[in-house]
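Enquirer: What follows is a structure written as structure tokens; I'll ask about it next.
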Amino acid sequence: MMKIVYATGNADKVREIKEILKGCPAELVPMSEFPPLEVVEDRGTFSGNAGKKAYEVSAHTGLPALADDSGLVVEALDGAPGIYSSRYAGDKAAYADNVRKLLFKMRGKRNRKAAFVCVSVLYLPGGEIFTARGKLEGVISKEPSGEGGFGYDPVFYIAKKRKTLAELGDEEKNAISHRGEAFRKMAEIIRKLASRDSLSVTEESGAARQEDPAQ
Ligand code: IMP
């Protein structure tokens, strides 16, 4: 089974991703099994940051690495908080601080359209890179509601469900979420890679693959 390091320390994201990738032919190894590594998220886009995390973690561990970058994009705020979603109210901001700042910025705004975006990147030690994206549209509610999920979920309202994301169960959230969409697509990519790798092993082809520390 393909070993993949999962490049995040965010326990809430790990919980959701493990659930979404259930049944995928990969053994997910947490970053905590390796010497600590700090990756600075200084790229200007979700895919830039996710790609940087995946590359640096793969270089650090010698294994394929899976990373994601996600966030909330609000139309009336010109796309903010975007890549700064986790630190909108400051570097060590708690989820509740970020939500408070968002509601403050949205005071009096009639256009409350928003989207959650997730970009997932898999980097293989040989240099191959795979990307999958997901998006969920909704509106920012006037006040928080619900106890489930994490982050901005209590103020992200889905009209079709007549609920905020925090009022949905984990499974119900994963079925429609940006992270669910991106990682279901990534699971498909991993399945294809796993069958390709099992072929290349039985055929003993490809010198580069045999030198690959992931084999
Ligand atoms: P990342 O760890 O850099 O990807 O930051 C993601 C941040 O975006 C989180 O800390 C949340 O603030 C926000 N976010 C991403 N996905 C979700 C979600 O599913 N629900 C609520 N907030 C989310």
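By convention here, the chains of the structure tokens are called A, B, ... in the order presented, each chain's residues are numbered starting at 1, and ligands are numbered starting at 1 in the order presented.
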For Ser141 in chain A, list every protein, DNA or RNA residue within 10 Å, evaluated using only C-alpha atoms, and leave out those in the same chain fewer than 5 positions away; present the list as a list in words.

Expert: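 In the requested form, the answer reads Leu103, Met106, Arg112, Lys113, Pro154, Val155, Phe156, Tyr157, Ile158, Lys163 and Thr164 of chain A.
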
Enquirer: DSSP on the backbone, alpha helix (DSSP H) only: what residues of range 35-73 of chain A does that give? Format it as a PyMOL selection string.

Expert: chain A and resi 46-61

Enquirer: Taking only C-alpha atoms and all ligand atoms into account, which residues have an atom no farther than 8 Å from ligand 1? I'd like them as number ranges by chain.

Expert: A: 8, 10, 13, 41, 46, 68-72, 82-88, 95, 98, 116-118, 149-154, 156, 165, 177-179

Enquirer: Pull N, CA, C and O atoms from the residues just selected and write them as a compact mmCIF listing (two decimals), in the first residue's frame.

Expert:
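Output file selection04.txt is given in full below:
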```txt
# COMPACT_ATOMS: atom_id res chain seq x y z
N THR A 8 -0.33 18.28 7.44
CA THR A 8 -1.00 19.34 8.20
C THR A 8 -1.00 19.01 9.68
O THR A 8 -0.95 17.84 10.06
N ASN A 10 -3.43 20.60 11.52
CA ASN A 10 -4.78 21.00 11.93
C ASN A 10 -5.65 19.75 12.14
O ASN A 10 -6.05 19.08 11.19
N LYS A 13 -8.97 19.38 10.24
CA LYS A 13 -8.86 19.00 8.83
C LYS A 13 -8.49 17.52 8.71
O LYS A 13 -9.03 16.81 7.87
N GLU A 41 3.72 29.54 4.96
CA GLU A 41 2.72 29.67 3.88
C GLU A 41 2.76 31.09 3.34
O GLU A 41 1.97 31.93 3.75
N PHE A 46 -4.10 29.66 -2.95
CA PHE A 46 -4.32 28.37 -2.27
C PHE A 46 -3.42 27.30 -2.89
O PHE A 46 -2.77 26.53 -2.18
N ASP A 68 -3.03 20.32 1.74
CA ASP A 68 -4.13 21.10 1.20
C ASP A 68 -4.09 22.50 1.77
O ASP A 68 -3.50 22.73 2.82
N ASP A 69 -4.66 23.41 1.02
CA ASP A 69 -4.84 24.76 1.56
C ASP A 69 -6.29 25.11 1.28
O ASP A 69 -6.82 24.78 0.22
N SER A 70 -6.92 25.71 2.26
CA SER A 70 -8.34 26.00 2.09
C SER A 70 -8.67 27.32 2.75
O SER A 70 -7.87 27.85 3.52
N GLY A 71 -9.84 27.83 2.46
CA GLY A 71 -10.24 29.08 3.08
C GLY A 71 -11.58 29.56 2.58
O GLY A 71 -12.21 28.93 1.72
N LEU A 72 -11.97 30.69 3.15
CA LEU A 72 -13.27 31.29 2.86
C LEU A 72 -13.06 32.52 1.97
O LEU A 72 -12.22 33.37 2.28
N GLY A 82 -9.84 34.72 2.38
CA GLY A 82 -9.03 33.98 1.41
C GLY A 82 -7.91 33.17 2.04
O GLY A 82 -8.14 32.40 2.98
N ILE A 83 -6.68 33.35 1.52
CA ILE A 83 -5.55 32.56 2.04
C ILE A 83 -5.21 32.92 3.48
O ILE A 83 -4.44 32.23 4.13
N TYR A 84 -5.79 34.02 3.98
CA TYR A 84 -5.52 34.42 5.37
C TYR A 84 -6.60 33.93 6.33
O TYR A 84 -6.67 34.39 7.47
N SER A 85 -7.46 33.00 5.88
CA SER A 85 -8.63 32.61 6.67
C SER A 85 -8.29 32.17 8.10
O SER A 85 -9.00 32.51 9.04
N SER A 86 -7.20 31.41 8.26
CA SER A 86 -6.92 30.89 9.61
C SER A 86 -6.35 31.97 10.53
O SER A 86 -6.36 31.81 11.74
N ARG A 87 -5.84 33.06 9.95
CA ARG A 87 -5.24 34.13 10.79
C ARG A 87 -5.86 35.49 10.49
O ARG A 87 -5.19 36.52 10.55
N TYR A 88 -7.18 35.49 10.18
CA TYR A 88 -7.87 36.73 9.80
C TYR A 88 -7.82 37.76 10.94
O TYR A 88 -7.55 38.93 10.72
N TYR A 95 -10.84 30.36 16.30
CA TYR A 95 -11.91 30.37 15.30
C TYR A 95 -12.94 31.47 15.62
O TYR A 95 -13.40 32.19 14.73
N ASN A 98 -11.97 34.96 14.55
CA ASN A 98 -12.08 35.16 13.10
C ASN A 98 -13.53 35.37 12.69
O ASN A 98 -13.83 36.24 11.86
N PHE A 116 -16.37 28.44 0.14
CA PHE A 116 -15.22 27.77 0.71
C PHE A 116 -14.47 27.12 -0.45
O PHE A 116 -15.10 26.53 -1.34
N VAL A 117 -13.15 27.24 -0.43
CA VAL A 117 -12.33 26.68 -1.49
C VAL A 117 -11.28 25.76 -0.87
O VAL A 117 -10.77 26.05 0.21
N CYS A 118 -11.00 24.65 -1.53
CA CYS A 118 -9.95 23.74 -1.06
C CYS A 118 -9.12 23.27 -2.25
O CYS A 118 -9.68 22.86 -3.27
N GLY A 149 -18.61 20.90 12.99
CA GLY A 149 -17.59 21.44 12.09
C GLY A 149 -16.52 22.23 12.83
O GLY A 149 -16.23 21.98 13.99
N PHE A 150 -15.99 23.24 12.15
CA PHE A 150 -14.96 24.09 12.76
C PHE A 150 -14.89 25.40 12.00
O PHE A 150 -15.63 25.61 11.03
N GLY A 151 -14.00 26.27 12.42
CA GLY A 151 -13.74 27.53 11.69
C GLY A 151 -14.98 28.37 11.48
O GLY A 151 -15.71 28.69 12.42
N TYR A 152 -15.23 28.73 10.23
CA TYR A 152 -16.34 29.62 9.89
C TYR A 152 -17.66 28.87 9.68
O TYR A 152 -18.66 29.48 9.27
N ASP A 153 -17.69 27.58 9.96
CA ASP A 153 -18.91 26.79 9.72
C ASP A 153 -20.19 27.38 10.34
O ASP A 153 -21.24 27.35 9.69
N PRO A 154 -20.13 27.92 11.57
CA PRO A 154 -21.38 28.43 12.18
C PRO A 154 -22.00 29.63 11.46
O PRO A 154 -23.16 29.93 11.68
N PHE A 156 -21.64 29.98 7.95
CA PHE A 156 -21.72 29.66 6.52
C PHE A 156 -23.04 28.95 6.26
O PHE A 156 -23.22 27.78 6.59
N LEU A 165 -23.28 25.23 7.96
CA LEU A 165 -22.44 24.02 7.90
C LEU A 165 -22.27 23.41 9.28
O LEU A 165 -22.13 22.21 9.42
N SER A 177 -18.97 19.38 0.94
CA SER A 177 -17.96 20.41 1.21
C SER A 177 -16.86 20.49 0.14
O SER A 177 -16.64 19.56 -0.62
N HIS A 178 -16.21 21.65 0.13
CA HIS A 178 -15.04 21.91 -0.70
C HIS A 178 -13.97 20.84 -0.46
O HIS A 178 -13.36 20.33 -1.39
N ARG A 179 -13.74 20.48 0.83
CA ARG A 179 -12.71 19.50 1.16
C ARG A 179 -13.14 18.11 0.67
O ARG A 179 -12.33 17.35 0.16
```

Enquirer: Could you pull the residues within 7 Å of range 122-125 of chain A, counting only C-alpha atoms, minus those fewer than 2 positions along the same chain, as a list in words?

Expert: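 Residues meeting the cut-off are Ala54, Tyr55, Ser58, Gly62, Leu63, Pro64, Ala65, Leu66, Ala67, Ser120, Gly127, Glu128, Ile129, Phe130, Thr131 and Asp212 of chain A.
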
Enquirer: Might you pull out every residue within 10 Å of Lys18 in chain A, with only C-alpha atoms counted and same-chain residues fewer than 6 positions away left off, and present them as JSON, numbers by chain?

Expert: {"A": [6, 24, 28, 183]}

Enquirer: Taking into account only C-alpha atoms, which residue in the set A:Phe34, A:Ser198, A:His60, A:Asn111 is nearest to Asp78 in chain A?

Expert: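 Comparing A:Phe34, A:Ser198, A:His60, A:Asn111 against Asp78 in chain A, the winner is A:Asn111.
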
Enquirer: What are the DSSP strand (DSSP E) residues of range 73-118 of chain A, as a ChimeraX atom specification?

Expert: /A:73-74,113-118

Enquirer: Any idea what's packed within 8 Å of Met1 in chain A, counting only C-alpha atoms, ignoring anything in its chain fewer than 6 positions away? Could you give it as a ChimeraX atom specification?

Expert: /A:25-27,194

Enquirer: Tell me which of A:Lys142, A:Ala187, A:Lys3, A:Leu193 sits closest to Lys22 in chain A, counting only C-alpha atoms.

Expert: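 Of A:Lys142, A:Ala187, A:Lys3, A:Leu193, the one nearest Lys22 in chain A is A:Ala187, counting only C-alpha atoms.
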
Enquirer: Quick one: pull the distance between CA of Arg196 in chain A and CA of Asn174 in chain A, Å, one decimal.

Expert: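 Computing it gives 27.9 Å between the two atoms.
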
Enquirer: Identify which of the residues A:Glu167, A:Arg184, A:Ser47, A:Ile189 lies closest to Leu21 in chain A, counting only C-alpha atoms when measuring atom-to-atom distances.

Expert: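 Of A:Glu167, A:Arg184, A:Ser47, A:Ile189, the one nearest Leu21 in chain A, counting only C-alpha atoms, is A:Arg184.
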
Enquirer: Just the number, please: distance in Å from CA of Arg133 in chain A to CA of Gly180 in chain A, one decimal.

Expert: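 Answer for the CA of Arg133 in chain A to CA of Gly180 in chain A separation: 9.6 Å.
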